[in-house]
Amino acid sequence: MSISTVAQVRSSSKSHGSARTLLLVIASHVNPDTGWAWPSLDTLAHETGLQRRRTIDLIHLLEGLGELEVHRGQGRGHVNFYRVHVTSEEKVQSVPAEKVQSSARKGA
């Protein structure tokens with residue numbers, strides 16, 4: 001389980017609703033050493049509470065958003081591998097070089 005991947009999805013994913021839930025479930029299966037997850041479609045459907053067909057449709061949607069990379073197995077019995085691609089868009093705040101002094105005083 002990769003807690004950091006789950007945290008990235010929670011803070012930065014553009015997906016909503018069931019797609020976001022699916023992405024969070026996939027992120028919870030990520031191997032932190034490799035960055036890949038390989039849960040079965042049945043596992044993903046069960047853990048999200050979705051139908052298998054809906055799960056497949058949402059995987060395609062997440063690929064279209066660029067938030068999920070899928071390496072598909074070839075045929076029955078071969079697993080798919082998933083990599084989550086959610087980058088945090090850190091908001092850069094400008095920090096003043098000097099402290100600004102205000103001429104107005106409290107209570108004046």
# chains A, B, ... in the order shown; residues from 1 in each chain; ligands from 1

call {"tool": "residues_around", "arguments": {"residues": "stretch 25-29 of chain A", "least_positions_apart": "3", "cutoff": "6 Å", "atoms": "only C-alpha atoms", "output": "number ranges by chain"}}
result
A: 1-2, 5-6, 22, 37

call {"tool": "write_last_selection", "arguments": {"atoms": "C-alpha atoms", "output": "PDB file, in the first residue's frame"}}
result
ATOM      1  CA  MET A   1       0.000   0.000   0.000  1.00  0.00           C
ATOM      2  CA  SER A   2       1.246   3.433  -0.877  1.00  0.00           C
ATOM      3  CA  THR A   5      -0.063   7.858  -3.635  1.00  0.00           C
ATOM      4  CA  VAL A   6      -3.437   7.862  -1.889  1.00  0.00           C
ATOM      5  CA  LEU A  22     -11.728   3.885  -8.227  1.00  0.00           C
ATOM      6  CA  ALA A  37      -0.588  -1.853  -8.802  1.00  0.00           C
TER       7      ALA A  37
END

call {"tool": "residues_around", "arguments": {"residues": "stretch 46-63 of chain A", "least_positions_apart": "6", "cutoff": "12 Å", "atoms": "only C-alpha atoms", "output": "PyMOL selection string"}}
result
chain A and resi 9+13-26+28-29+39-40+69-72+80-86

call {"tool": "select_by_dssp", "arguments": {"residues": "stretch 29-58 of chain A", "states": "helix (DSSP H, G or I)", "output": "ChimeraX atom specification"}}
result
/A:41-48,52-58

call {"tool": "write_last_selection", "arguments": {"atoms": "C-alpha atoms", "output": "JSON list (two decimals), in the first residue's frame"}}
result
[["chain", "number", "residue", "atom", "x", "y", "z"],
["A", 41, "LEU", "CA", -10.95, -6.08, -12.31],
["A", 42, "ASP", "CA", -13.12, -8.19, -10.00],
["A", 43, "THR", "CA", -11.21, -6.89, -6.97],
["A", 44, "LEU", "CA", -11.59, -3.28, -8.15],
["A", 45, "ALA", "CA", -15.31, -3.77, -8.82],
["A", 46, "HIS", "CA", -15.83, -5.39, -5.42],
["A", 47, "GLU", "CA", -13.87, -2.77, -3.45],
["A", 48, "THR", "CA", -15.62, 0.15, -5.18],
["A", 52, "ARG", "CA", -17.31, -4.78, -13.62],
["A", 53, "ARG", "CA", -18.39, -2.99, -16.86],
["A", 54, "ARG", "CA", -18.62, 0.37, -15.04],
["A", 55, "THR", "CA", -15.16, -0.24, -13.56],
["A", 56, "ILE", "CA", -13.73, -0.79, -17.05],
["A", 57, "ASP", "CA", -15.43, 2.39, -18.34],
["A", 58, "LEU", "CA", -13.99, 4.42, -15.45]]

call {"tool": "atom_distance", "arguments": {"atom1": "atom CA of A:His78", "atom2": "atom CA of A:Gln8"}}
result
28.2 Å
